[in-house]
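Reviewing the structure listed below.
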Amino acid sequence: MMDGGQHDVTDRAIARALGDELRQAREAGGWTRAQLVARLPSGIGDRTLVAYEHGARQLTVNRLVELAAALGITAPELLRQALQRARLRNLVLKVDLRGLLTDADEHFRPVIQWARNRLVEDPQGVVELPPSAVREMAAMAGCSHSDLTRYLATFTPETPFPRYSKENARR
């Protein structure tokens, strides 16, 4: 169980990561804040959207669903990406194997070799790793689970931003 301080830090990290994902989705779709706000049935203002995007204000589930729909992405996908980018433990991590292969960090050399071998089995280049797999890999690499989680989270595959478009949001 987390104490109050730890819980507050986690809440802020999630709010910031979710805000970053919202902003990136909006910008990738070519939307201004005013354009997005105008499409929302809730009638929120620009300042509220700014507060969400900066992580200064937490989203309700209903507001997350509303914003995601307006941006043409599903709320679960938006939240999954935000949680992974927030680098929280006990999440299934999506890892871009090709991105991992471009890294030269000697400390994680066994993980980089694993990625090279795994790419043969998974040519699409993106794998999902449950926490148990990350724990085993950490033991193999001689590092902590949290260090490896942070490292692997830096290789989160980029969102295919074409689905964040005004055209997709109209559907």
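Residues in the structure tokens are numbered from 1 in each chain, the chains being A, B, ... in the order shown, and ligands are numbered from 1 in the order shown.
Selecting strand (DSSP E) from the backbone DSSP output for segment 55-100 of chain A yields A:Leu93, A:Lys94, A:Val95, A:Asp96.
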Output the selection as a tab-separated table (two decimals), in the first residue's frame - N, CA and C atoms for each residue.
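Writing done, so here's out35.tsv:
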```tsv
chain	number	residue	atom	x	y	z
A	93	LEU	N	4.34	-3.69	-20.80
A	93	LEU	CA	5.06	-2.69	-21.58
A	93	LEU	C	5.04	-3.07	-23.06
A	94	LYS	N	4.75	-2.09	-23.90
A	94	LYS	CA	4.94	-2.27	-25.34
A	94	LYS	C	6.31	-1.69	-25.65
A	95	VAL	N	7.14	-2.50	-26.31
A	95	VAL	CA	8.52	-2.10	-26.58
A	95	VAL	C	8.80	-2.17	-28.07
A	96	ASP	N	9.41	-1.11	-28.58
A	96	ASP	CA	9.84	-1.03	-29.98
A	96	ASP	C	11.22	-1.67	-30.08
```
Glu66 of chain A surroundings by only C-alpha atoms, 12 Å radius, close-in-sequence under 3 positions cut, as a PDB file with N, CA and C atoms, in the first residue's frame:
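After the write, part.pdb holds the following:
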```pdb
ATOM      1  N   LEU A  22      -2.570  13.666 -24.612  1.00  0.00           N
ATOM      2  CA  LEU A  22      -3.667  14.467 -25.182  1.00  0.00           C
ATOM      3  C   LEU A  22      -3.127  15.564 -26.092  1.00  0.00           C
ATOM      4  N   LEU A  36     -10.584  21.993 -30.827  1.00  0.00           N
ATOM      5  CA  LEU A  36     -10.975  20.800 -30.095  1.00  0.00           C
ATOM      6  C   LEU A  36     -12.089  21.115 -29.099  1.00  0.00           C
ATOM      7  N   VAL A  37     -11.943  22.192 -28.362  1.00  0.00           N
ATOM      8  CA  VAL A  37     -12.950  22.583 -27.371  1.00  0.00           C
ATOM      9  C   VAL A  37     -14.304  22.797 -28.038  1.00  0.00           C
ATOM     10  N   ARG A  39     -15.583  21.233 -30.415  1.00  0.00           N
ATOM     11  CA  ARG A  39     -16.192  19.949 -30.784  1.00  0.00           C
ATOM     12  C   ARG A  39     -16.723  19.174 -29.585  1.00  0.00           C
ATOM     13  N   LEU A  40     -16.381  19.602 -28.383  1.00  0.00           N
ATOM     14  CA  LEU A  40     -16.754  18.834 -27.193  1.00  0.00           C
ATOM     15  C   LEU A  40     -18.153  19.196 -26.710  1.00  0.00           C
ATOM     16  N   PRO A  41     -19.002  18.210 -26.499  1.00  0.00           N
ATOM     17  CA  PRO A  41     -20.362  18.505 -26.038  1.00  0.00           C
ATOM     18  C   PRO A  41     -20.422  19.048 -24.608  1.00  0.00           C
ATOM     19  N   SER A  42     -19.374  18.826 -23.822  1.00  0.00           N
ATOM     20  CA  SER A  42     -19.404  19.261 -22.422  1.00  0.00           C
ATOM     21  C   SER A  42     -19.252  20.771 -22.272  1.00  0.00           C
ATOM     22  N   GLY A  43     -18.720  21.432 -23.285  1.00  0.00           N
ATOM     23  CA  GLY A  43     -18.579  22.881 -23.224  1.00  0.00           C
ATOM     24  C   GLY A  43     -17.448  23.367 -22.340  1.00  0.00           C
ATOM     25  N   ILE A  44     -16.382  22.559 -22.163  1.00  0.00           N
ATOM     26  CA  ILE A  44     -15.262  23.033 -21.359  1.00  0.00           C
ATOM     27  C   ILE A  44     -14.575  24.185 -22.079  1.00  0.00           C
ATOM     28  N   LEU A  59      -8.297  14.319 -15.104  1.00  0.00           N
ATOM     29  CA  LEU A  59      -9.457  14.013 -15.940  1.00  0.00           C
ATOM     30  C   LEU A  59     -10.379  13.020 -15.247  1.00  0.00           C
ATOM     31  N   THR A  60     -11.675  13.218 -15.410  1.00  0.00           N
ATOM     32  CA  THR A  60     -12.613  12.173 -15.027  1.00  0.00           C
ATOM     33  C   THR A  60     -12.652  11.159 -16.164  1.00  0.00           C
ATOM     34  N   VAL A  61     -13.179   9.993 -15.901  1.00  0.00           N
ATOM     35  CA  VAL A  61     -13.286   8.972 -16.940  1.00  0.00           C
ATOM     36  C   VAL A  61     -14.168   9.487 -18.078  1.00  0.00           C
ATOM     37  N   ASN A  62     -15.278  10.113 -17.737  1.00  0.00           N
ATOM     38  CA  ASN A  62     -16.177  10.633 -18.780  1.00  0.00           C
ATOM     39  C   ASN A  62     -15.486  11.669 -19.651  1.00  0.00           C
ATOM     40  N   ARG A  63     -14.704  12.542 -19.037  1.00  0.00           N
ATOM     41  CA  ARG A  63     -14.004  13.572 -19.816  1.00  0.00           C
ATOM     42  C   ARG A  63     -12.923  12.942 -20.680  1.00  0.00           C
ATOM     43  N   ALA A  69     -12.552  10.480 -27.914  1.00  0.00           N
ATOM     44  CA  ALA A  69     -13.460  10.332 -29.061  1.00  0.00           C
ATOM     45  C   ALA A  69     -13.319  11.503 -30.019  1.00  0.00           C
ATOM     46  N   ALA A  70     -13.216  12.706 -29.483  1.00  0.00           N
ATOM     47  CA  ALA A  70     -13.066  13.893 -30.335  1.00  0.00           C
ATOM     48  C   ALA A  70     -11.755  13.852 -31.118  1.00  0.00           C
ATOM     49  N   LEU A  71     -10.738  13.194 -30.545  1.00  0.00           N
ATOM     50  CA  LEU A  71      -9.435  13.101 -31.203  1.00  0.00           C
ATOM     51  C   LEU A  71      -9.313  11.882 -32.118  1.00  0.00           C
ATOM     52  N   GLY A  72     -10.319  11.003 -32.081  1.00  0.00           N
ATOM     53  CA  GLY A  72     -10.291   9.840 -32.956  1.00  0.00           C
ATOM     54  C   GLY A  72      -9.435   8.700 -32.451  1.00  0.00           C
ATOM     55  N   ILE A  73      -9.298   8.570 -31.143  1.00  0.00           N
ATOM     56  CA  ILE A  73      -8.546   7.463 -30.541  1.00  0.00           C
ATOM     57  C   ILE A  73      -9.394   6.906 -29.408  1.00  0.00           C
ATOM     58  N   THR A  74      -9.135   5.677 -29.026  1.00  0.00           N
ATOM     59  CA  THR A  74      -9.897   5.121 -27.911  1.00  0.00           C
ATOM     60  C   THR A  74      -9.281   5.567 -26.592  1.00  0.00           C
ATOM     61  N   ALA A  75     -10.126   5.740 -25.600  1.00  0.00           N
ATOM     62  CA  ALA A  75      -9.651   6.135 -24.269  1.00  0.00           C
ATOM     63  C   ALA A  75      -8.696   5.092 -23.678  1.00  0.00           C
ATOM     64  N   LEU A  78      -5.239   5.582 -25.241  1.00  0.00           N
ATOM     65  CA  LEU A  78      -4.642   6.823 -24.754  1.00  0.00           C
ATOM     66  C   LEU A  78      -4.123   6.642 -23.331  1.00  0.00           C
ATOM     67  N   ALA A 169     -11.873  11.842 -36.312  1.00  0.00           N
ATOM     68  CA  ALA A 169     -12.708  12.309 -35.196  1.00  0.00           C
ATOM     69  C   ALA A 169     -14.150  12.559 -35.639  1.00  0.00           C
TER      70      ALA A 169
END
```
Pick out each residue of chain A that DSSP on the backbone tags as helix (DSSP H, G or I); I need them as an NGL selection string. :A and (4-28 or 33-39 or 46-53 or 61-71 or 75-85 or 97-101 or 106-121 or 131-141 or 145-153 or 161-163 or 166-170)
Fewer than 2 positions away in the same chain doesn't count, so skip those; otherwise give me all residues within 12 Å of Trp114 of chain A, counting only C-alpha atoms, as a PDB file with N, CA and C atoms, in the first residue's frame.
```pdb
ATOM      1  N   LEU A  97      11.284  -2.884 -30.616  1.00  0.00           N
ATOM      2  CA  LEU A  97      12.549  -3.614 -30.685  1.00  0.00           C
ATOM      3  C   LEU A  97      13.580  -2.897 -31.537  1.00  0.00           C
ATOM      4  N   ARG A  98      13.146  -2.321 -32.644  1.00  0.00           N
ATOM      5  CA  ARG A  98      14.092  -1.619 -33.525  1.00  0.00           C
ATOM      6  C   ARG A  98      14.699  -0.405 -32.825  1.00  0.00           C
ATOM      7  N   LEU A 100      15.132  -0.145 -29.624  1.00  0.00           N
ATOM      8  CA  LEU A 100      16.035  -0.708 -28.623  1.00  0.00           C
ATOM      9  C   LEU A 100      17.380  -1.067 -29.249  1.00  0.00           C
ATOM     10  N   LEU A 101      17.347  -1.556 -30.480  1.00  0.00           N
ATOM     11  CA  LEU A 101      18.593  -1.945 -31.157  1.00  0.00           C
ATOM     12  C   LEU A 101      19.493  -0.756 -31.475  1.00  0.00           C
ATOM     13  N   PHE A 108      22.895  -2.380 -20.462  1.00  0.00           N
ATOM     14  CA  PHE A 108      21.749  -3.163 -20.920  1.00  0.00           C
ATOM     15  C   PHE A 108      22.070  -4.012 -22.150  1.00  0.00           C
ATOM     16  N   ARG A 109      23.343  -4.317 -22.351  1.00  0.00           N
ATOM     17  CA  ARG A 109      23.765  -5.088 -23.523  1.00  0.00           C
ATOM     18  C   ARG A 109      23.001  -6.411 -23.665  1.00  0.00           C
ATOM     19  N   PRO A 110      22.779  -7.191 -22.584  1.00  0.00           N
ATOM     20  CA  PRO A 110      22.017  -8.442 -22.751  1.00  0.00           C
ATOM     21  C   PRO A 110      20.587  -8.201 -23.255  1.00  0.00           C
ATOM     22  N   VAL A 111      19.992  -7.095 -22.852  1.00  0.00           N
ATOM     23  CA  VAL A 111      18.630  -6.775 -23.286  1.00  0.00           C
ATOM     24  C   VAL A 111      18.632  -6.409 -24.768  1.00  0.00           C
ATOM     25  N   ILE A 112      19.650  -5.707 -25.183  1.00  0.00           N
ATOM     26  CA  ILE A 112      19.771  -5.320 -26.591  1.00  0.00           C
ATOM     27  C   ILE A 112      19.971  -6.572 -27.455  1.00  0.00           C
ATOM     28  N   ARG A 116      17.523  -8.148 -30.447  1.00  0.00           N
ATOM     29  CA  ARG A 116      17.977  -8.582 -31.778  1.00  0.00           C
ATOM     30  C   ARG A 116      17.414  -9.974 -32.089  1.00  0.00           C
ATOM     31  N   ASN A 117      17.494 -10.879 -31.126  1.00  0.00           N
ATOM     32  CA  ASN A 117      16.975 -12.236 -31.323  1.00  0.00           C
ATOM     33  C   ASN A 117      15.448 -12.246 -31.432  1.00  0.00           C
ATOM     34  N   ARG A 118      14.798 -11.445 -30.643  1.00  0.00           N
ATOM     35  CA  ARG A 118      13.336 -11.408 -30.631  1.00  0.00           C
ATOM     36  C   ARG A 118      12.780 -10.831 -31.926  1.00  0.00           C
ATOM     37  N   LEU A 119      13.509  -9.914 -32.534  1.00  0.00           N
ATOM     38  CA  LEU A 119      13.061  -9.308 -33.786  1.00  0.00           C
ATOM     39  C   LEU A 119      12.922 -10.366 -34.884  1.00  0.00           C
ATOM     40  N   VAL A 120      13.713 -11.414 -34.819  1.00  0.00           N
ATOM     41  CA  VAL A 120      13.593 -12.512 -35.791  1.00  0.00           C
ATOM     42  C   VAL A 120      12.235 -13.193 -35.626  1.00  0.00           C
ATOM     43  N   GLU A 121      11.805 -13.376 -34.375  1.00  0.00           N
ATOM     44  CA  GLU A 121      10.519 -14.019 -34.096  1.00  0.00           C
ATOM     45  C   GLU A 121       9.336 -13.083 -34.301  1.00  0.00           C
ATOM     46  N   ASP A 122       9.552 -11.808 -34.061  1.00  0.00           N
ATOM     47  CA  ASP A 122       8.484 -10.801 -34.151  1.00  0.00           C
ATOM     48  C   ASP A 122       8.895  -9.704 -35.125  1.00  0.00           C
ATOM     49  N   VAL A 127       6.765  -5.618 -29.245  1.00  0.00           N
ATOM     50  CA  VAL A 127       6.368  -6.732 -28.383  1.00  0.00           C
ATOM     51  C   VAL A 127       5.743  -6.192 -27.107  1.00  0.00           C
ATOM     52  N   VAL A 134       9.588  -8.905 -17.562  1.00  0.00           N
ATOM     53  CA  VAL A 134      10.553  -7.834 -17.271  1.00  0.00           C
ATOM     54  C   VAL A 134      11.389  -8.218 -16.049  1.00  0.00           C
ATOM     55  N   MET A 137      13.955 -10.725 -17.216  1.00  0.00           N
ATOM     56  CA  MET A 137      14.977 -10.042 -18.013  1.00  0.00           C
ATOM     57  C   MET A 137      15.903  -9.233 -17.122  1.00  0.00           C
ATOM     58  N   ALA A 138      15.352  -8.606 -16.081  1.00  0.00           N
ATOM     59  CA  ALA A 138      16.170  -7.818 -15.154  1.00  0.00           C
ATOM     60  C   ALA A 138      17.182  -8.725 -14.451  1.00  0.00           C
ATOM     61  N   MET A 140      18.385 -11.503 -15.616  1.00  0.00           N
ATOM     62  CA  MET A 140      19.365 -11.879 -16.635  1.00  0.00           C
ATOM     63  C   MET A 140      20.370 -10.745 -16.875  1.00  0.00           C
ATOM     64  N   ALA A 141      19.885  -9.515 -16.889  1.00  0.00           N
ATOM     65  CA  ALA A 141      20.737  -8.362 -17.189  1.00  0.00           C
ATOM     66  C   ALA A 141      21.500  -7.861 -15.965  1.00  0.00           C
TER      67      ALA A 141
END
```
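Distances from A:Ala56, A:Leu64, A:Ala82, A:Ala51 to Asp20 of chain A were compared using only C-alpha atoms, and the smallest one belongs to A:Ala82.
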